[in-house]
file coords30.txt (compact mmCIF, C-alpha atoms and all ligand atoms)
# COMPACT_ATOMS: atom_id res chain seq x y z
CA MET U 27 -20.20 -26.82 5.90
CA THR U 28 -22.17 -29.48 7.76
CA PRO U 29 -23.15 -32.84 6.16
CA ALA U 30 -26.68 -31.43 5.76
CA GLU U 31 -25.35 -28.41 3.92
CA ALA U 32 -23.10 -30.64 1.83
CA ALA U 33 -26.19 -32.69 0.91
CA GLU U 34 -27.90 -29.46 -0.16
CA LEU U 35 -24.88 -28.50 -2.29
CA LEU U 36 -24.80 -31.99 -3.85
CA ALA U 37 -28.51 -31.66 -4.65
CA HIS U 38 -27.61 -28.41 -6.42
CA CYS U 39 -24.92 -30.32 -8.38
CA ALA U 40 -27.41 -33.12 -9.18
CA ALA U 41 -29.68 -30.56 -10.81
CA PHE U 42 -26.94 -30.20 -13.42
CA ASP U 43 -25.40 -33.67 -13.65
CA ARG U 44 -28.27 -35.89 -12.34
CA ARG U 45 -25.96 -37.70 -9.95
CA THR U 46 -27.45 -39.82 -7.14
CA ILE U 47 -26.44 -38.72 -3.68
CA GLY U 48 -25.93 -40.95 -0.65
CA GLU U 49 -25.22 -40.15 2.97
CA ALA U 50 -21.57 -41.12 2.48
CA ASP U 51 -21.22 -38.50 -0.28
CA ALA U 52 -22.65 -35.77 1.94
CA ARG U 53 -20.33 -36.72 4.80
CA ALA U 54 -17.25 -36.88 2.54
CA TRP U 55 -17.98 -33.49 0.93
CA SER U 56 -18.66 -31.96 4.32
CA ARG U 57 -15.27 -33.13 5.56
CA ALA U 58 -13.42 -31.93 2.47
CA LEU U 59 -15.19 -28.55 2.57
CA HIS U 60 -15.11 -28.16 6.37
CA ASP U 61 -13.80 -24.58 6.14
CA VAL U 62 -16.02 -23.53 3.24
CA PRO U 63 -19.52 -22.22 4.07
CA LEU U 64 -22.53 -23.00 1.94
CA ASP U 65 -23.17 -19.53 0.59
CA ASP U 66 -23.98 -17.82 -2.70
CA ASP U 67 -20.34 -17.99 -3.79
CA THR U 68 -20.22 -21.76 -3.25
CA ARG U 69 -23.46 -22.25 -5.18
CA GLY U 70 -22.16 -19.81 -7.77
CA ALA U 71 -19.01 -21.90 -8.18
CA VAL U 72 -21.11 -24.96 -9.06
CA ALA U 73 -23.22 -22.97 -11.53
CA GLU U 74 -20.13 -21.49 -13.14
CA HIS U 75 -18.56 -24.94 -13.52
CA TYR U 76 -21.59 -26.34 -15.34
CA ALA U 77 -21.81 -23.25 -17.52
CA HIS U 78 -18.55 -24.40 -19.12
CA THR U 79 -18.45 -28.20 -19.00
CA ASP U 80 -20.49 -31.41 -18.79
CA GLN U 81 -17.96 -33.08 -16.48
CA TRP U 82 -18.98 -33.71 -12.88
CA ILE U 83 -17.66 -31.14 -10.51
CA THR U 84 -15.21 -32.19 -7.79
CA VAL U 85 -14.71 -30.75 -4.30
CA ALA U 86 -11.37 -29.31 -5.42
CA GLN U 87 -13.10 -27.46 -8.26
CA VAL U 88 -15.76 -26.04 -5.91
CA ARG U 89 -12.98 -24.71 -3.71
CA ALA U 90 -10.90 -23.30 -6.59
CA ILE U 91 -13.76 -21.61 -8.45
CA ARG U 92 -15.16 -20.10 -5.24
CA ALA U 93 -11.70 -18.71 -4.39
CA ARG U 94 -11.42 -17.22 -7.88
CA ILE U 95 -14.81 -15.51 -7.61
CA ARG U 96 -13.81 -13.94 -4.31
CA SER U 97 -10.27 -12.94 -5.24
CA GLY U 98 -11.67 -11.19 -8.29
CA ARG U 99 -13.68 -8.92 -5.95
CA ILE U 100 -10.61 -8.32 -3.76
CA ASP U 101 -8.59 -7.36 -6.83
CA ALA U 102 -11.28 -4.93 -7.94
CA ALA U 103 -11.63 -3.28 -4.52
CA HIS U 104 -7.87 -2.80 -3.92
CA PRO U 105 -8.32 -2.89 -0.14
CA VAL U 106 -5.66 -0.87 1.68
CA TYR U 107 -5.39 -0.94 5.45
CA ASP U 108 -2.98 1.67 6.76
CA GLY U 109 -3.32 0.72 10.40
CA GLN U 110 -4.38 2.95 13.26
CA PRO U 111 -2.13 4.66 15.81
CA GLY U 112 -1.73 2.61 18.95
CA GLU U 113 -3.19 -0.66 17.66
CA THR U 114 -1.45 -3.92 18.46
CA GLY U 115 -0.06 -6.29 15.84
CA GLU U 116 -2.95 -8.66 16.50
CA GLN U 117 -5.50 -5.88 16.02
CA PHE U 118 -3.81 -4.87 12.79
CA VAL U 119 -3.93 -8.44 11.44
CA ALA U 120 -7.57 -8.90 12.51
CA ARG U 121 -8.73 -5.61 10.98
CA ARG U 122 -6.75 -6.14 7.82
CA ARG U 123 -8.28 -9.62 7.49
CA ALA U 124 -11.80 -8.26 8.11
CA GLN U 125 -11.23 -5.70 5.37
CA VAL U 126 -10.07 -8.33 2.88
CA THR U 127 -13.08 -10.52 3.78
CA ALA U 128 -15.42 -7.57 3.26
CA ALA U 129 -13.82 -7.03 -0.16
CA ALA U 130 -14.24 -10.73 -1.02
CA GLU U 131 -17.93 -10.55 -0.01
CA GLY U 132 -18.38 -7.65 -2.39
CA GLU U 133 -19.09 -5.18 0.42
CA LEU U 134 -16.37 -2.78 -0.73
CA PRO U 135 -16.92 -0.91 -4.00
CA ALA U 136 -14.53 -1.48 -6.89
CA ARG U 137 -11.95 1.30 -7.18
CA THR U 138 -8.70 2.06 -8.97
CA ILE U 139 -5.26 1.71 -7.37
CA THR U 140 -4.86 5.49 -7.46
CA GLN U 141 -8.07 5.90 -5.48
CA ALA U 142 -7.04 3.13 -3.08
CA ILE U 143 -3.72 4.70 -2.11
CA GLY U 144 -5.04 8.25 -2.23
CA ALA U 145 -2.41 9.16 -4.79
CA ALA U 146 -4.50 11.52 -6.85
CA PRO U 147 -2.55 14.73 -7.51
CA SER U 148 -2.84 17.20 -4.64
CA GLU U 149 -4.43 20.62 -5.06
CA ASN U 150 -1.00 22.18 -4.60
CA LEU U 151 0.38 20.17 -7.49
CA LEU U 152 -2.61 20.86 -9.72
CA ALA U 153 -2.19 24.58 -9.04
CA LEU U 154 1.39 24.37 -10.33
CA LEU U 155 0.54 22.62 -13.58
CA PRO U 156 -0.34 25.75 -15.62
CA ALA U 157 3.20 27.03 -14.93
CA VAL U 158 4.90 24.00 -16.48
CA GLY U 159 7.08 25.02 -19.43
CA ARG U 160 7.13 28.72 -18.51
CA PRO U 161 10.30 30.52 -17.43
CA VAL U 162 10.74 30.94 -13.69
CA VAL U 163 10.47 34.54 -12.55
CA GLU U 164 13.67 35.46 -10.70
CA ALA U 165 11.93 37.20 -7.82
CA GLU U 166 10.05 34.05 -6.93
CA GLU U 167 13.17 31.98 -6.49
CA PRO U 168 14.18 31.26 -2.90
CA GLY U 169 17.19 33.18 -1.70
CA PRO U 170 20.55 31.44 -1.44
CA TYR U 171 21.44 29.92 1.92
CA VAL U 172 24.98 31.27 1.72
CA ASP U 173 24.69 35.05 1.69
CA GLU U 174 25.58 36.67 -1.58
CA GLN U 175 28.51 38.74 -0.36
CA THR U 176 30.32 35.73 1.09
CA ARG U 177 29.74 33.86 -2.12
CA VAL U 178 31.11 36.67 -4.30
CA GLU U 179 34.19 36.89 -2.10
CA ILE U 180 34.74 33.17 -2.36
CA ARG U 181 34.31 33.10 -6.12
CA GLU U 182 36.73 36.01 -6.61
CA HIS U 183 39.50 33.87 -5.23
CA LEU U 184 38.66 30.90 -7.39
CA PRO U 185 39.56 31.72 -10.99
CA GLY U 186 38.13 30.12 -14.13
CA ASN U 187 36.20 26.87 -13.96
CA ARG U 188 37.04 26.51 -10.31
CA ALA U 189 34.54 29.24 -9.48
CA ALA U 190 31.87 26.57 -9.79
CA LEU U 191 33.56 24.49 -7.11
CA VAL U 192 32.93 26.76 -4.17
CA GLU U 193 34.04 23.93 -1.88
CA LEU U 194 37.66 24.68 -2.84
CA GLU U 195 37.44 27.56 -0.40
CA VAL U 196 38.04 25.11 2.48
CA ASP U 197 40.85 22.60 2.98
CA CYS U 198 39.90 19.02 2.14
CA PRO U 199 39.62 17.01 5.38
CA ASN U 200 39.82 13.69 3.51
CA SER U 201 42.82 11.95 5.08
CA ARG U 202 44.11 10.55 1.77
CA CYS U 203 43.73 13.87 -0.08
CA ARG U 204 44.26 16.83 2.26
CA ALA U 205 44.14 19.27 -0.66
CA ALA U 206 44.80 22.79 0.57
CA ARG U 207 42.44 25.70 0.01
CA ARG U 208 42.02 26.62 -3.69
CA HIS U 209 43.62 23.34 -4.77
CA LEU U 210 41.61 20.63 -6.48
CA CYS U 211 41.06 17.36 -4.68
CA ARG U 212 43.10 14.40 -5.89
CA SER U 213 41.93 10.85 -6.45
CA SER U 214 43.67 8.01 -4.64
CA ARG U 215 45.82 7.64 -7.77
CA GLY U 216 46.90 11.25 -7.55
CA ARG U 217 44.77 12.63 -10.39
CA GLU U 218 43.09 15.98 -9.93
CA LEU U 219 39.32 15.79 -9.65
CA ARG U 220 37.97 18.42 -12.01
CA GLY U 221 34.24 18.54 -11.56
CA THR U 222 33.88 17.50 -7.96
CA VAL U 223 35.43 17.37 -4.50
CA HIS U 224 35.56 14.78 -1.76
CA GLY U 225 32.35 14.37 0.22
CA GLN U 226 34.05 15.41 3.45
CA ARG U 227 35.18 18.65 1.83
CA ARG U 228 31.65 19.30 0.61
CA ASP U 229 30.39 18.73 4.15
CA ALA U 230 33.08 20.97 5.63
CA TYR U 231 32.15 23.76 3.22
CA ALA U 232 28.47 23.42 4.03
CA VAL U 233 29.12 23.58 7.78
CA ARG U 234 31.37 26.62 7.45
CA HIS U 235 29.11 28.68 5.22
CA ALA U 236 25.52 27.47 5.23
CA GLN U 237 22.84 27.61 7.86
CA CYS U 238 21.22 24.21 8.33
CA PRO U 239 17.57 24.22 7.19
CA GLU U 240 17.05 21.02 9.17
CA CYS U 241 18.38 21.73 12.68
CA GLY U 242 18.98 25.46 12.37
CA ALA U 243 22.73 25.32 13.11
CA PRO U 244 24.22 28.67 12.01
CA PRO U 245 27.31 28.89 9.76
CA SER U 246 30.53 27.56 11.38
CA HIS U 247 28.48 25.54 13.88
CA ALA U 248 28.12 21.77 13.62
CA CYS U 249 24.75 20.16 13.11
CA THR U 250 23.11 18.27 15.97
CA THR U 251 24.23 15.11 14.17
CA PRO U 252 27.85 13.92 13.71
CA GLU U 253 27.58 14.62 9.98
CA PRO U 254 25.84 17.69 8.58
CA HIS U 255 22.23 17.18 7.55
CA PRO U 256 21.92 16.41 3.81
CA ALA U 257 19.60 19.42 3.44
CA ARG U 258 22.42 21.66 4.64
CA VAL U 259 24.86 20.19 2.13
CA ARG U 260 22.32 20.64 -0.65
CA ALA U 261 21.55 24.17 0.46
CA ALA U 262 25.23 25.12 0.45
CA THR U 263 25.59 24.44 -3.26
CA ALA U 264 21.98 24.98 -4.32
CA ASP U 265 22.85 27.96 -6.45
CA ARG U 266 25.88 26.47 -8.20
CA PRO U 267 26.17 28.49 -11.42
CA MET U 268 24.34 26.86 -14.32
CA PRO U 269 25.52 27.20 -17.90
CA ASN U 270 23.93 30.36 -19.28
CA ARG U 271 21.69 30.62 -22.33
CA ARG U 272 24.53 31.33 -24.77
CA GLN U 273 26.65 28.46 -23.49
CA LEU U 274 23.68 26.15 -23.79
CA ASP U 275 23.01 27.27 -27.37
CA ARG U 276 26.64 26.68 -28.26
CA LEU U 277 26.56 23.26 -26.67
CA MET U 278 23.43 22.35 -28.61
CA ARG U 279 25.05 23.34 -31.92
CA THR U 280 28.35 21.59 -31.28
CA PRO U 281 28.41 17.95 -32.36
CA PRO U 282 29.77 15.73 -29.62
CA ALA U 283 33.52 15.21 -29.83
CA PRO U 284 34.60 11.63 -30.53
CA ARG U 285 35.35 9.88 -27.29
CA LYS U 286 39.01 9.22 -26.71
CA SER U 287 38.53 6.42 -24.26
CA ARG U 288 35.81 5.12 -22.03
CA ALA U 289 37.91 5.65 -18.95
CA ARG U 290 38.19 9.37 -19.68
CA HIS U 291 34.46 9.71 -20.05
CA THR U 292 33.72 8.34 -16.63
CA THR U 293 35.97 10.72 -14.73
CA GLY U 294 33.43 13.47 -14.43
CA GLY U 295 32.53 14.72 -17.88
CA THR U 296 34.55 17.94 -17.79
CA GLN U 297 36.42 18.61 -21.03
CA ARG U 298 40.19 18.78 -20.59
ZN ZN T 1 39.90 16.03 -1.30
ZN ZN T 2 21.65 20.37 10.68
call {"tool": "encode", "arguments": {"input": "coords30.txt", "output": "structure tokens", "more": "lines below"}}
Ligand SMILES: [Zn+2]
Ligand SMILES: [Zn+2]
result
Amino acid sequence: MTPAEAAELLAHCAAFDRRTIGEADARAWSRALHDVPLDDDTRGAVAEHYAHTDQWITVAQVRAIRARIRSGRIDAAHPVYDGQPGETGEQFVARRRAQVTAAAEGELPARTITQAIGAAPSENLLALLPAVGRPVVEAEEPGPYVDEQTRVEIREHLPGNRAALVELEVDCPNSRCRAARRHLCRSSRGRELRGTVHGQRRDAYAVRHAQCPECGAPPSHACTTPEPHPARVRAATADRPMPNRRQLDRLMRTPPAPRKSRARHTTGGTQR
């Protein structure tokens, strides 16, 4: 603000505190508030100060209270600037700054964070809500990515619990394991891994038997990437058998067995 504007602001202060104002005061305030305009927020800061205290207001207080008034509006408006395609970094900064200034001036309406980021539930999601808690109808489930006949053949050769680990159908390519087909992987200490296999074996199984939903590579063909796409690996084991209703009921009725040791518990959770 100019010395003249500073004199006007000081006159506004004098209305509250009856101070006498000289030219030196106006010039000093103008210099200290060189980047602050004389606007409604600046006058409002003075009024707010004297609404709470009899002490003379200082330049620092004018600055602080004005900033608080404006940041309150920014907080309420939750301005979000996503950027526009093709704009330069400078344009982004300028537009973002203009948006924040508009919010500080009170030109943007107050809104919630959810409104600001457009995170209200989509129509698709809302349409699904009535189905929450209801059993899934089998026919609506997506088909398995590994065709059923192949899967049955694989499972037939993997007796007992191992049927769940369809990956045992391929050799483990992990250089420190190299478990042969139908044999469980072994940890680096030589212990059999009961509930899982090495990641490389999981990948190898996925490549051999699943079509990639990401790049479309058919079974036995590598993905376009050095490692198979995660979607392919997920798809390959998407229909891992789940415990059936009766097993679940039994589990719910059985009190948990006392833990033998912590180390045992962390090895995969499968009962030995
Ligand atoms: Zn292995
Ligand atoms: Zn792929």
call {"tool": "residues_near_ligand", "arguments": {"input": "coords30.txt", "ligand": "ligand ZN 1 (chain T)", "cutoff": "7 Å", "atoms": "only C-alpha atoms and all ligand atoms", "output": "compact mmCIF listing (two decimals) with C-alpha atoms, in the coordinates of the input"}}
result
# COMPACT_ATOMS: atom_id res chain seq x y z
CA CYS U 198 39.90 19.02 2.14
CA PRO U 199 39.62 17.01 5.38
CA ASN U 200 39.82 13.69 3.51
CA CYS U 203 43.73 13.87 -0.08
CA ARG U 204 44.26 16.83 2.26
CA ALA U 205 44.14 19.27 -0.66
CA CYS U 211 41.06 17.36 -4.68
CA ARG U 212 43.10 14.40 -5.89
CA VAL U 223 35.43 17.37 -4.50
CA HIS U 224 35.56 14.78 -1.76
CA ARG U 227 35.18 18.65 1.83
call {"tool": "residues_near_ligand", "arguments": {"input": "coords30.txt", "ligand": "ligand ZN 2 (chain T)", "cutoff": "7 Å", "atoms": "only C-alpha atoms and all ligand atoms", "output": "ChimeraX atom specification"}}
result
/U:238-243,249-251,254-255,258
call {"tool": "closest_residue", "arguments": {"input": "coords30.txt", "among": "U:Val106, U:Leu219, U:Val192, U:Leu210", "to": "Thr263 of chain U", "atoms": "only C-alpha atoms"}}
result
U:Val192
call {"tool": "atom_distance", "arguments": {"input": "coords30.txt", "atom1": "atom CA of Ala128 of chain U", "atom2": "atom CA of Leu64 of chain U"}}
result
17.0 Å
call {"tool": "residues_around", "arguments": {"input": "coords30.txt", "residues": "Ala90 of chain U", "least_positions_apart": "2", "cutoff": "12 Å", "atoms": "only C-alpha atoms", "output": "PyMOL selection string"}}
result
chain U and resi 59+62+67-68+70-72+74-75+83-88+92-97
call {"tool": "atom_distance", "arguments": {"input": "coords30.txt", "atom1": "atom CA of Glu193 of chain U", "atom2": "atom CA of Ser246 of chain U"}}
result
14.2 Å
call {"tool": "atom_distance", "arguments": {"input": "coords30.txt", "atom1": "atom CA of Thr46 of chain U", "atom2": "atom CA of Met27 of chain U"}}
result
19.8 Å
call {"tool": "residues_near_point", "arguments": {"input": "coords30.txt", "point": "(31.7, 26.0, 1.9)", "cutoff": "8 Å", "atoms": "only C-alpha atoms", "output": "list in words"}}
result
Val192, Glu193, Leu194, Glu195, Val196, Arg228, Asp229, Ala230, Tyr231, Ala232, Val233, Arg234, His235, Ala236 and Ala262 of chain U
call {"tool": "axis_aligned_box", "arguments": {"input": "coords30.txt", "around": "segment 110-121 of chain U", "padding_each_side": "3 Å", "output": "lines of an AutoDock Vina configuration file"}}
result
center_x = -4.4
center_y = -2.1
center_z = 15.0
size_x = 14.7
size_y = 19.6
size_z = 14.0
call {"tool": "residues_around", "arguments": {"input": "coords30.txt", "residues": "Tyr107 of chain U", "least_positions_apart": "2", "cutoff": "7 Å", "atoms": "only C-alpha atoms", "output": "PyMOL selection string"}}
result
chain U and resi 105+109+122
call {"tool": "decode", "arguments": {"input": "coords30.txt", "residues": "segment 28-64 of chain U", "atoms": "N, CA and C atoms", "output": "mmCIF file, in the first residue's frame"}}
result
data_model
loop_
_atom_site.group_PDB
_atom_site.id
_atom_site.type_symbol
_atom_site.label_atom_id
_atom_site.label_comp_id
_atom_site.auth_asym_id
_atom_site.auth_seq_id
_atom_site.Cartn_x
_atom_site.Cartn_y
_atom_site.Cartn_z
ATOM 1 N N THR U 28 0.363 2.313 -0.589
ATOM 2 C CA THR U 28 1.113 3.572 -0.682
ATOM 3 C C THR U 28 1.042 4.297 0.665
ATOM 4 N N PRO U 29 1.936 5.307 0.877
ATOM 5 C CA PRO U 29 1.852 6.086 2.124
ATOM 6 C C PRO U 29 0.467 6.688 2.331
ATOM 7 N N ALA U 30 -0.193 7.110 1.238
ATOM 8 C CA ALA U 30 -1.537 7.685 1.362
ATOM 9 C C ALA U 30 -2.523 6.643 1.879
ATOM 10 N N GLU U 31 -2.393 5.428 1.328
ATOM 11 C CA GLU U 31 -3.287 4.356 1.781
ATOM 12 C C GLU U 31 -2.982 3.984 3.228
ATOM 13 N N ALA U 32 -1.678 3.985 3.561
ATOM 14 C CA ALA U 32 -1.296 3.678 4.941
ATOM 15 C C ALA U 32 -1.883 4.717 5.885
ATOM 16 N N ALA U 33 -1.892 5.991 5.444
ATOM 17 C CA ALA U 33 -2.479 7.059 6.269
ATOM 18 C C ALA U 33 -3.974 6.799 6.478
ATOM 19 N N GLU U 34 -4.619 6.310 5.411
ATOM 20 C CA GLU U 34 -6.051 5.999 5.507
ATOM 21 C C GLU U 34 -6.280 4.857 6.494
ATOM 22 N N LEU U 35 -5.398 3.827 6.422
ATOM 23 C CA LEU U 35 -5.530 2.697 7.344
ATOM 24 C C LEU U 35 -5.294 3.159 8.785
ATOM 25 N N LEU U 36 -4.277 4.023 8.973
ATOM 26 C CA LEU U 36 -3.984 4.525 10.317
ATOM 27 C C LEU U 36 -5.149 5.362 10.854
ATOM 28 N N ALA U 37 -5.823 6.091 9.960
ATOM 29 C CA ALA U 37 -6.999 6.861 10.378
ATOM 30 C C ALA U 37 -8.088 5.900 10.866
ATOM 31 N N HIS U 38 -8.182 4.767 10.168
ATOM 32 C CA HIS U 38 -9.142 3.722 10.565
ATOM 33 C C HIS U 38 -8.786 3.197 11.966
ATOM 34 N N CYS U 39 -7.467 2.988 12.201
ATOM 35 C CA CYS U 39 -7.009 2.536 13.527
ATOM 36 C C CYS U 39 -7.332 3.607 14.579
ATOM 37 N N ALA U 40 -7.086 4.890 14.218
ATOM 38 C CA ALA U 40 -7.277 5.984 15.175
ATOM 39 C C ALA U 40 -8.725 6.091 15.630
ATOM 40 N N ALA U 41 -9.640 5.642 14.745
ATOM 41 C CA ALA U 41 -11.054 5.644 15.130
ATOM 42 C C ALA U 41 -11.271 4.752 16.345
ATOM 43 N N PHE U 42 -10.433 3.723 16.473
ATOM 44 C CA PHE U 42 -10.549 2.826 17.633
ATOM 45 C C PHE U 42 -9.690 3.303 18.804
ATOM 46 N N ASP U 43 -8.408 3.643 18.507
ATOM 47 C CA ASP U 43 -7.484 3.875 19.625
ATOM 48 C C ASP U 43 -7.109 5.351 19.827
ATOM 49 N N ARG U 44 -7.674 6.245 18.973
ATOM 50 C CA ARG U 44 -7.475 7.691 19.107
ATOM 51 C C ARG U 44 -6.001 8.098 19.047
ATOM 52 N N ARG U 45 -5.233 7.328 18.302
ATOM 53 C CA ARG U 45 -3.813 7.688 18.144
ATOM 54 C C ARG U 45 -3.693 8.901 17.216
ATOM 55 N N THR U 46 -2.587 9.671 17.369
ATOM 56 C CA THR U 46 -2.319 10.767 16.441
ATOM 57 C C THR U 46 -1.384 10.241 15.369
ATOM 58 N N ILE U 47 -1.603 10.652 14.149
ATOM 59 C CA ILE U 47 -0.862 10.091 13.032
ATOM 60 C C ILE U 47 -0.027 11.170 12.352
ATOM 61 N N GLY U 48 1.260 10.894 12.180
ATOM 62 C CA GLY U 48 2.127 11.820 11.452
ATOM 63 C C GLY U 48 2.513 11.228 10.110
ATOM 64 N N GLU U 49 3.200 12.053 9.316
ATOM 65 C CA GLU U 49 3.631 11.592 8.003
ATOM 66 C C GLU U 49 4.609 10.435 8.117
ATOM 67 N N ALA U 50 5.462 10.491 9.153
ATOM 68 C CA ALA U 50 6.451 9.428 9.361
ATOM 69 C C ALA U 50 5.760 8.095 9.616
ATOM 70 N N ASP U 51 4.653 8.113 10.374
ATOM 71 C CA ASP U 51 3.910 6.872 10.639
ATOM 72 C C ASP U 51 3.404 6.279 9.332
ATOM 73 N N ALA U 52 2.785 7.134 8.509
ATOM 74 C CA ALA U 52 2.215 6.661 7.246
ATOM 75 C C ALA U 52 3.301 6.044 6.365
ATOM 76 N N ARG U 53 4.474 6.711 6.331
ATOM 77 C CA ARG U 53 5.545 6.203 5.482
ATOM 78 C C ARG U 53 6.078 4.877 6.038
ATOM 79 N N ALA U 54 6.223 4.780 7.337
ATOM 80 C CA ALA U 54 6.739 3.544 7.948
ATOM 81 C C ALA U 54 5.762 2.382 7.729
ATOM 82 N N TRP U 55 4.482 2.611 7.934
ATOM 83 C CA TRP U 55 3.490 1.542 7.715
ATOM 84 C C TRP U 55 3.438 1.130 6.253
ATOM 85 N N SER U 56 3.552 2.131 5.370
ATOM 86 C CA SER U 56 3.525 1.819 3.944
ATOM 87 C C SER U 56 4.689 0.898 3.575
ATOM 88 N N ARG U 57 5.862 1.173 4.167
ATOM 89 C CA ARG U 57 7.029 0.356 3.842
ATOM 90 C C ARG U 57 6.872 -1.059 4.404
ATOM 91 N N ALA U 58 6.365 -1.141 5.625
ATOM 92 C CA ALA U 58 6.215 -2.460 6.259
ATOM 93 C C ALA U 58 5.103 -3.283 5.598
ATOM 94 N N LEU U 59 4.125 -2.593 5.024
ATOM 95 C CA LEU U 59 3.001 -3.311 4.388
ATOM 96 C C LEU U 59 3.045 -3.130 2.872
ATOM 97 N N HIS U 60 4.290 -3.084 2.321
ATOM 98 C CA HIS U 60 4.417 -2.775 0.886
ATOM 99 C C HIS U 60 3.715 -3.788 -0.003
ATOM 100 N N ASP U 61 3.612 -5.052 0.470
ATOM 101 C CA ASP U 61 2.990 -6.082 -0.373
ATOM 102 C C ASP U 61 1.551 -6.380 0.056
ATOM 103 N N VAL U 62 1.016 -5.550 0.946
ATOM 104 C CA VAL U 62 -0.363 -5.771 1.394
ATOM 105 C C VAL U 62 -1.235 -4.627 0.876
ATOM 106 N N PRO U 63 -2.290 -4.932 0.098
ATOM 107 C CA PRO U 63 -3.145 -3.858 -0.399
ATOM 108 C C PRO U 63 -4.081 -3.339 0.691
ATOM 109 N N LEU U 64 -4.553 -2.140 0.511
ATOM 110 C CA LEU U 64 -5.568 -1.626 1.422
ATOM 111 C C LEU U 64 -6.935 -2.073 0.889
#
